[in-house]
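Here is the file coords-v5.pdb (PDB, C-alpha atoms, pLDDT in the B column).
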ATOM      1  CA  MET P   1      50.979-118.661  22.518  1.00 54.00           C
ATOM      2  CA  THR P   2      54.597-119.003  23.558  1.00 59.00           C
ATOM      3  CA  ARG P   3      55.079-121.874  21.129  1.00 65.00           C
ATOM      4  CA  ALA P   4      53.908-119.713  18.176  1.00 60.00           C
ATOM      5  CA  LEU P   5      56.154-116.871  19.319  1.00 61.00           C
ATOM      6  CA  ASP P   6      59.123-119.245  19.452  1.00 70.00           C
ATOM      7  CA  TRP P   7      58.324-120.430  15.932  1.00 70.00           C
ATOM      8  CA  TYR P   8      58.186-116.844  14.598  1.00 68.00           C
ATOM      9  CA  SER P   9      61.430-115.891  16.310  1.00 70.00           C
ATOM     10  CA  THR P  10      63.116-119.017  14.919  1.00 68.00           C
ATOM     11  CA  VAL P  11      61.937-118.245  11.387  1.00 64.00           C
ATOM     12  CA  PHE P  12      62.999-114.596  11.574  1.00 63.00           C
ATOM     13  CA  GLU P  13      66.330-115.612  13.061  1.00 61.00           C
ATOM     14  CA  LEU P  14      66.841-118.063  10.196  1.00 57.00           C
ATOM     15  CA  ILE P  15      65.705-115.591   7.515  1.00 59.00           C
ATOM     16  CA  ASP P  16      67.423-112.381   8.489  1.00 59.00           C
ATOM     17  CA  MET P  17      65.256-109.409   7.577  1.00 58.00           C
ATOM     18  CA  ARG P  18      68.096-106.887   7.591  1.00 77.00           C
ATOM     19  CA  SER P  19      69.458-105.606   4.296  1.00 84.00           C
ATOM     20  CA  PHE P  20      73.187-106.170   4.326  1.00 88.00           C
ATOM     21  CA  SER P  21      73.008-109.690   5.740  1.00 85.00           C
ATOM     22  CA  ASN P  22      70.202-110.693   3.374  1.00 86.00           C
ATOM     23  CA  LEU P  23      71.197-112.725   0.344  1.00 87.00           C
ATOM     24  CA  TRP P  24      68.377-111.196  -1.721  1.00 89.00           C
ATOM     25  CA  PHE P  25      69.844-107.704  -1.378  1.00 92.00           C
ATOM     26  CA  TRP P  26      73.176-108.888  -2.777  1.00 94.00           C
ATOM     27  CA  ILE P  27      71.454-110.734  -5.613  1.00 94.00           C
ATOM     28  CA  ALA P  28      69.465-107.579  -6.448  1.00 95.00           C
ATOM     29  CA  LEU P  29      72.674-105.516  -6.347  1.00 96.00           C
ATOM     30  CA  ALA P  30      74.447-107.922  -8.715  1.00 96.00           C
ATOM     31  CA  VAL P  31      71.486-108.056 -11.117  1.00 97.00           C
ATOM     32  CA  ALA P  32      71.141-104.259 -11.125  1.00 97.00           C
ATOM     33  CA  TRP P  33      74.787-103.674 -12.008  1.00 97.00           C
ATOM     34  CA  SER P  34      74.927-106.548 -14.474  1.00 97.00           C
ATOM     35  CA  SER P  35      71.901-105.142 -16.283  1.00 96.00           C
ATOM     36  CA  ALA P  36      73.231-101.580 -16.170  1.00 96.00           C
ATOM     37  CA  SER P  37      76.508-102.580 -17.810  1.00 95.00           C
ATOM     38  CA  HIS P  38      74.902-104.904 -20.366  1.00 95.00           C
ATOM     39  CA  TRP P  39      72.166-102.545 -21.576  1.00 95.00           C
ATOM     40  CA  VAL P  40      73.882 -99.444 -22.953  1.00 94.00           C
ATOM     41  CA  LEU P  41      71.181 -96.842 -23.666  1.00 94.00           C
ATOM     42  CA  GLY P  42      68.660 -99.670 -23.955  1.00 93.00           C
ATOM     43  CA  VAL P  43      70.790-101.584 -26.438  1.00 95.00           C
ATOM     44  CA  PRO P  44      72.354-104.881 -25.401  1.00 95.00           C
ATOM     45  CA  PHE P  45      76.108-104.578 -25.664  1.00 94.00           C
ATOM     46  CA  ASP P  46      76.460-107.877 -27.523  1.00 94.00           C
ATOM     47  CA  MET P  47      74.463-106.194 -30.304  1.00 94.00           C
ATOM     48  CA  VAL P  48      77.037-103.389 -30.367  1.00 94.00           C
ATOM     49  CA  SER P  49      79.858-105.929 -30.595  1.00 94.00           C
ATOM     50  CA  ARG P  50      78.095-107.877 -33.354  1.00 95.00           C
ATOM     51  CA  ALA P  51      77.417-104.684 -35.336  1.00 94.00           C
ATOM     52  CA  ARG P  52      81.054-103.651 -35.013  1.00 93.00           C
ATOM     53  CA  ARG P  53      82.282-107.085 -36.067  1.00 93.00           C
ATOM     54  CA  LYS P  54      79.835-107.901 -38.886  1.00 92.00           C
ATOM     55  CA  GLY P  55      78.396-104.576 -40.060  1.00 88.00           C
ATOM     56  CA  GLY P  56      75.583-104.742 -42.604  1.00 92.00           C
ATOM     57  CA  GLN P  57      72.153-105.587 -41.214  1.00 94.00           C
ATOM     58  CA  ALA P  58      73.494-105.829 -37.647  1.00 93.00           C
ATOM     59  CA  ALA P  59      74.781-102.245 -37.872  1.00 94.00           C
ATOM     60  CA  GLU P  60      71.456-101.048 -39.295  1.00 94.00           C
ATOM     61  CA  ASP P  61      69.567-102.789 -36.492  1.00 94.00           C
ATOM     62  CA  LEU P  62      71.864-101.174 -33.947  1.00 94.00           C
ATOM     63  CA  THR P  63      71.425 -97.681 -35.351  1.00 93.00           C
ATOM     64  CA  ASP P  64      67.633 -98.113 -35.523  1.00 94.00           C
ATOM     65  CA  LEU P  65      67.388 -99.362 -31.949  1.00 95.00           C
ATOM     66  CA  LEU P  66      69.786 -96.696 -30.736  1.00 95.00           C
ATOM     67  CA  ARG P  67      67.812 -93.971 -32.523  1.00 94.00           C
ATOM     68  CA  ILE P  68      64.545 -95.177 -30.983  1.00 96.00           C
ATOM     69  CA  ASN P  69      65.983 -95.448 -27.459  1.00 96.00           C
ATOM     70  CA  THR P  70      67.886 -92.166 -27.492  1.00 95.00           C
ATOM     71  CA  THR P  71      64.862 -90.296 -28.853  1.00 96.00           C
ATOM     72  CA  ARG P  72      62.679 -91.825 -26.135  1.00 96.00           C
ATOM     73  CA  LEU P  73      65.217 -91.087 -23.391  1.00 96.00           C
ATOM     74  CA  LEU P  74      65.676 -87.492 -24.517  1.00 96.00           C
ATOM     75  CA  TYR P  75      61.913 -86.977 -24.785  1.00 97.00           C
ATOM     76  CA  ILE P  76      61.500 -88.127 -21.180  1.00 96.00           C
ATOM     77  CA  ALA P  77      64.433 -85.967 -20.070  1.00 96.00           C
ATOM     78  CA  ASP P  78      63.100 -82.887 -21.859  1.00 96.00           C
ATOM     79  CA  GLU P  79      59.468 -83.290 -20.827  1.00 96.00           C
ATOM     80  CA  ALA P  80      59.766 -84.603 -17.271  1.00 96.00           C
ATOM     81  CA  GLY P  81      63.459 -84.268 -16.482  1.00 93.00           C
ATOM     82  CA  LEU P  82      63.026 -81.622 -13.805  1.00 95.00           C
ATOM     83  CA  TRP P  83      60.375 -83.697 -12.009  1.00 97.00           C
ATOM     84  CA  VAL P  84      62.431 -86.877 -12.286  1.00 96.00           C
ATOM     85  CA  VAL P  85      65.516 -85.148 -10.866  1.00 96.00           C
ATOM     86  CA  ALA P  86      63.493 -83.459  -8.114  1.00 97.00           C
ATOM     87  CA  SER P  87      61.750 -86.655  -7.026  1.00 97.00           C
ATOM     88  CA  GLY P  88      64.973 -88.668  -7.271  1.00 97.00           C
ATOM     89  CA  THR P  89      66.771 -86.078  -5.146  1.00 98.00           C
ATOM     90  CA  PHE P  90      63.893 -86.123  -2.656  1.00 98.00           C
ATOM     91  CA  PHE P  91      64.046 -89.902  -2.272  1.00 98.00           C
ATOM     92  CA  LEU P  92      67.850 -90.065  -2.144  1.00 98.00           C
ATOM     93  CA  THR P  93      67.925 -87.330   0.509  1.00 98.00           C
ATOM     94  CA  GLY P  94      65.235 -89.153   2.463  1.00 98.00           C
ATOM     95  CA  PHE P  95      67.172 -92.409   2.257  1.00 97.00           C
ATOM     96  CA  ALA P  96      70.375 -90.664   3.363  1.00 98.00           C
ATOM     97  CA  VAL P  97      68.700 -88.989   6.347  1.00 98.00           C
ATOM     98  CA  LEU P  98      66.835 -92.139   7.385  1.00 96.00           C
ATOM     99  CA  GLY P  99      69.916 -94.264   6.812  1.00 95.00           C
ATOM    100  CA  TRP P 100      72.580 -92.292   8.613  1.00 96.00           C
ATOM    101  CA  ALA P 101      70.702 -90.011  10.998  1.00 97.00           C
ATOM    102  CA  TYR P 102      68.222 -92.660  12.175  1.00 95.00           C
ATOM    103  CA  TRP P 103      70.237 -95.793  11.258  1.00 92.00           C
ATOM    104  CA  VAL P 104      67.530 -97.461   9.185  1.00 91.00           C
ATOM    105  CA  GLU P 105      69.468-100.150   7.370  1.00 92.00           C
ATOM    106  CA  ILE P 106      67.079-100.569   4.425  1.00 92.00           C
ATOM    107  CA  ALA P 107      67.398 -96.829   3.730  1.00 94.00           C
ATOM    108  CA  GLN P 108      71.200 -97.152   3.732  1.00 96.00           C
ATOM    109  CA  ALA P 109      70.950-100.050   1.279  1.00 95.00           C
ATOM    110  CA  LEU P 110      68.574 -98.179  -1.015  1.00 96.00           C
ATOM    111  CA  PHE P 111      70.783 -95.094  -0.933  1.00 98.00           C
ATOM    112  CA  LEU P 112      73.909 -97.125  -1.764  1.00 97.00           C
ATOM    113  CA  LEU P 113      72.038 -98.630  -4.699  1.00 97.00           C
ATOM    114  CA  GLY P 114      70.159 -95.511  -5.808  1.00 97.00           C
ATOM    115  CA  LEU P 115      72.906 -92.872  -5.794  1.00 98.00           C
ATOM    116  CA  PRO P 116      75.227 -94.634  -8.261  1.00 98.00           C
ATOM    117  CA  MET P 117      72.276 -95.655 -10.428  1.00 98.00           C
ATOM    118  CA  SER P 118      71.218 -92.012 -10.603  1.00 97.00           C
ATOM    119  CA  MET P 119      74.723 -91.171 -11.821  1.00 97.00           C
ATOM    120  CA  VAL P 120      74.333 -93.846 -14.515  1.00 98.00           C
ATOM    121  CA  SER P 121      70.989 -92.309 -15.500  1.00 97.00           C
ATOM    122  CA  LEU P 122      72.533 -88.852 -15.845  1.00 97.00           C
ATOM    123  CA  LEU P 123      75.400 -90.339 -17.855  1.00 97.00           C
ATOM    124  CA  SER P 124      72.881 -92.071 -20.128  1.00 97.00           C
ATOM    125  CA  VAL P 125      71.074 -88.799 -20.829  1.00 97.00           C
ATOM    126  CA  TYR P 126      74.410 -87.089 -21.530  1.00 96.00           C
ATOM    127  CA  THR P 127      75.490 -89.867 -23.921  1.00 96.00           C
ATOM    128  CA  ALA P 128      72.095 -89.940 -25.630  1.00 96.00           C
ATOM    129  CA  ARG P 129      72.233 -86.185 -26.166  1.00 95.00           C
ATOM    130  CA  ALA P 130      75.763 -86.413 -27.574  1.00 94.00           C
ATOM    131  CA  LEU P 131      74.733 -89.163 -30.004  1.00 92.00           C
ATOM    132  CA  HIS P 132      71.506 -87.438 -30.992  1.00 88.00           C
ATOM    133  CA  GLU P 133      72.882 -83.939 -31.631  1.00 84.00           C
ATOM    134  CA  LYS P 134      74.839 -84.709 -34.746  1.00 76.00           C
ATOM    135  CA  ASP P 135      75.326 -87.531 -37.171  1.00 72.00           C
ATOM    136  CA  HIS P 136      78.237 -89.728 -36.227  1.00 76.00           C
ATOM    137  CA  ASP P 137      79.979 -92.349 -38.269  1.00 89.00           C
ATOM    138  CA  LEU P 138      79.555 -95.848 -36.889  1.00 91.00           C
ATOM    139  CA  ASP P 139      83.087 -96.034 -35.485  1.00 92.00           C
ATOM    140  CA  ALA P 140      82.412 -92.931 -33.368  1.00 92.00           C
ATOM    141  CA  VAL P 141      79.128 -94.470 -32.161  1.00 93.00           C
ATOM    142  CA  TYR P 142      80.884 -97.721 -31.215  1.00 94.00           C
ATOM    143  CA  LYS P 143      83.583 -95.789 -29.400  1.00 94.00           C
ATOM    144  CA  ARG P 144      81.035 -93.630 -27.537  1.00 95.00           C
ATOM    145  CA  LEU P 145      78.974 -96.664 -26.482  1.00 95.00           C
ATOM    146  CA  GLY P 146      82.092 -98.543 -25.393  1.00 95.00           C
ATOM    147  CA  ARG P 147      83.251 -95.565 -23.337  1.00 97.00           C
ATOM    148  CA  HIS P 148      79.780 -95.253 -21.788  1.00 97.00           C
ATOM    149  CA  ARG P 149      79.816 -98.931 -20.825  1.00 97.00           C
ATOM    150  CA  LEU P 150      83.315 -98.657 -19.361  1.00 97.00           C
ATOM    151  CA  ILE P 151      82.291 -95.683 -17.197  1.00 98.00           C
ATOM    152  CA  VAL P 152      79.149 -97.536 -16.045  1.00 98.00           C
ATOM    153  CA  GLN P 153      81.284-100.548 -15.124  1.00 98.00           C
ATOM    154  CA  GLY P 154      83.662 -98.275 -13.210  1.00 98.00           C
ATOM    155  CA  ILE P 155      80.796 -96.694 -11.288  1.00 98.00           C
ATOM    156  CA  GLY P 156      79.457-100.186 -10.627  1.00 98.00           C
ATOM    157  CA  MET P 157      82.776-101.506  -9.300  1.00 98.00           C
ATOM    158  CA  VAL P 158      83.193 -98.563  -6.940  1.00 98.00           C
ATOM    159  CA  SER P 159      79.565 -98.852  -5.851  1.00 98.00           C
ATOM    160  CA  ILE P 160      79.773-102.585  -5.175  1.00 97.00           C
ATOM    161  CA  PHE P 161      83.037-102.118  -3.268  1.00 98.00           C
ATOM    162  CA  VAL P 162      81.647 -99.313  -1.090  1.00 98.00           C
ATOM    163  CA  THR P 163      78.398-101.218  -0.498  1.00 97.00           C
ATOM    164  CA  ALA P 164      80.280-104.399   0.402  1.00 96.00           C
ATOM    165  CA  MET P 165      82.582-102.557   2.824  1.00 97.00           C
ATOM    166  CA  TRP P 166      79.655-100.776   4.464  1.00 96.00           C
ATOM    167  CA  GLY P 167      77.662-104.016   4.584  1.00 94.00           C
ATOM    168  CA  MET P 168      80.536-105.867   6.256  1.00 93.00           C
ATOM    169  CA  TYR P 169      80.951-103.044   8.738  1.00 93.00           C
ATOM    170  CA  MET P 170      77.237-103.107   9.563  1.00 91.00           C
ATOM    171  CA  ASN P 171      77.162-106.900   9.876  1.00 87.00           C
ATOM    172  CA  LEU P 172      80.174-106.909  12.175  1.00 87.00           C
ATOM    173  CA  SER P 173      79.025-103.979  14.277  1.00 86.00           C
ATOM    174  CA  VAL P 174      75.464-105.215  14.732  1.00 77.00           C
ATOM    175  CA  GLY P 175      76.491-108.830  15.184  1.00 66.00           C
ATOM    176  CA  ALA P 176      74.232-110.138  12.428  1.00 53.00           C
ATOM    177  CA  LEU P 177      76.463-113.129  11.848  1.00 55.00           C
ATOM    178  CA  GLY P 178      76.001-114.550  15.308  1.00 55.00           C
ATOM    179  CA  GLY P 179      78.751-112.591  17.045  1.00 49.00           C
TER     180      GLY P 179
END
Go ahead and render the structure in this file as structure tokens.
Amino acid sequence: MTRALDWYSTVFELIDMRSFSNLWFWIALAVAWSSASHWVLGVPFDMVSRARRKGGQAAEDLTDLLRINTTRLLYIADEAGLWVVASGTFFLTGFAVLGWAYWVEIAQALFLLGLPMSMVSLLSVYTARALHEKDHDLDAVYKRLGRHRLIVQGIGMVSIFVTAMWGMYMNLSVGALGG
């Protein structure tokens, strides 16, 4: 029995199950922010760049995809927006309370990932509504999408910085790195 217990403790010591010292959390954080800055309102940003550069069929494809995605996003926001905001607020509040009142590290990690992503979601609805309300010329659409992406990247940089600082603090204070 002791031998099996030693094996389990060795495995769990080798594969740290805490959030901020787990490589998988940092990979998930990087993938989340990379995806958020690449997909602007459901449109890959390289498609925006290609449409701006080449025009023609690429611009038509962009406007079609943008129309489909903004209509879908606004439909969800109009039909279920209150419930989405209420449930998101419920979960974020729960993560904050569990994370900082009870020091549950996974809740801290989920809060530090979820709060900025919720800001990106609100920004996406705002941008979709602005693009959907009136007809814009393509240069205005390109400018709006570029500005949206820049703001998402700014939120992402601040979020990654804050998460990294908090993660380092937690790893140093708990002694997760063998200290």
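Coordinates place CA of Phe20 (chain P) at a distance of 5.0 Å from CA of Gly167 (chain P).
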Hits of the PyMOL selection byres ((chain P and resi 148) around 9) in this structure, as a JSON list (two decimals) with C-alpha atoms, keeping the file's coordinate frame:
[["chain", "number", "residue", "atom", "x", "y", "z"],
["P", 37, "SER", "CA", 76.51, -102.58, -17.81],
["P", 40, "VAL", "CA", 73.88, -99.44, -22.95],
["P", 41, "LEU", "CA", 71.18, -96.84, -23.67],
["P", 123, "LEU", "CA", 75.40, -90.34, -17.86],
["P", 124, "SER", "CA", 72.88, -92.07, -20.13],
["P", 127, "THR", "CA", 75.49, -89.87, -23.92],
["P", 143, "LYS", "CA", 83.58, -95.79, -29.40],
["P", 144, "ARG", "CA", 81.04, -93.63, -27.54],
["P", 145, "LEU", "CA", 78.97, -96.66, -26.48],
["P", 146, "GLY", "CA", 82.09, -98.54, -25.39],
["P", 147, "ARG", "CA", 83.25, -95.56, -23.34],
["P", 149, "ARG", "CA", 79.82, -98.93, -20.82],
["P", 150, "LEU", "CA", 83.32, -98.66, -19.36],
["P", 151, "ILE", "CA", 82.29, -95.68, -17.20],
["P", 152, "VAL", "CA", 79.15, -97.54, -16.05],
["P", 153, "GLN", "CA", 81.28, -100.55, -15.12]]
Next on the checklist: I'd like to see the residues matched by the PyMOL selection byres ((chain P and resi 69) around 12) on this file, and ideally I'd get them as a PyMOL selection string.
Outcome noted: chain P and resi 39-44+62-68+70-76+124-125+127-129+131-132
Item to check | Atom-to-atom span, CA of Ala96 (chain P) and CA of Leu110 (chain P), Å | outcome: 8.9 Å
Item to check | Distance in Å - CA of Asp137 (chain P) versus CA of Arg52 (chain P) | outcome: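 For CA of Asp137 (chain P) relative to CA of Arg52 (chain P), the distance reads 11.8 Å.
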Quick one: residues within 9 Å of region 84-92 of chain P, all atoms listed in the file counted, chain neighbours fewer than 4 positions away excluded, as a compact mmCIF listing (two decimals) with C-alpha atoms, in the coordinates of the input?
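Generated output (around05.txt):
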# COMPACT_ATOMS: atom_id res chain seq x y z
CA ALA P 77 64.43 -85.97 -20.07
CA ALA P 80 59.77 -84.60 -17.27
CA ALA P 96 70.38 -90.66 3.36
CA VAL P 97 68.70 -88.99 6.35
CA ALA P 107 67.40 -96.83 3.73
CA LEU P 110 68.57 -98.18 -1.01
CA PHE P 111 70.78 -95.09 -0.93
CA GLY P 114 70.16 -95.51 -5.81
CA LEU P 115 72.91 -92.87 -5.79
CA SER P 118 71.22 -92.01 -10.60
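Using all atoms listed in the file, the residues found no farther than 10 Å from Ala51 (chain P), other than those of its own chain fewer than 3 positions away, are P:Phe45, P:Asp46, P:Met47, P:Val48, P:Lys54, P:Gly55, P:Gly56, P:Gln57, P:Ala58, P:Ala59, P:Glu60, P:Asp61, P:Leu62, P:Thr63, P:Leu138, P:Tyr142.
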Checklist entry - So what does the PyMOL selection byres ((chain P and resi 159) around 12) actually pick up in this one, as a ChimeraX atom specification? => result /P:29-30,32-33,109,111-120,152-158,160-167
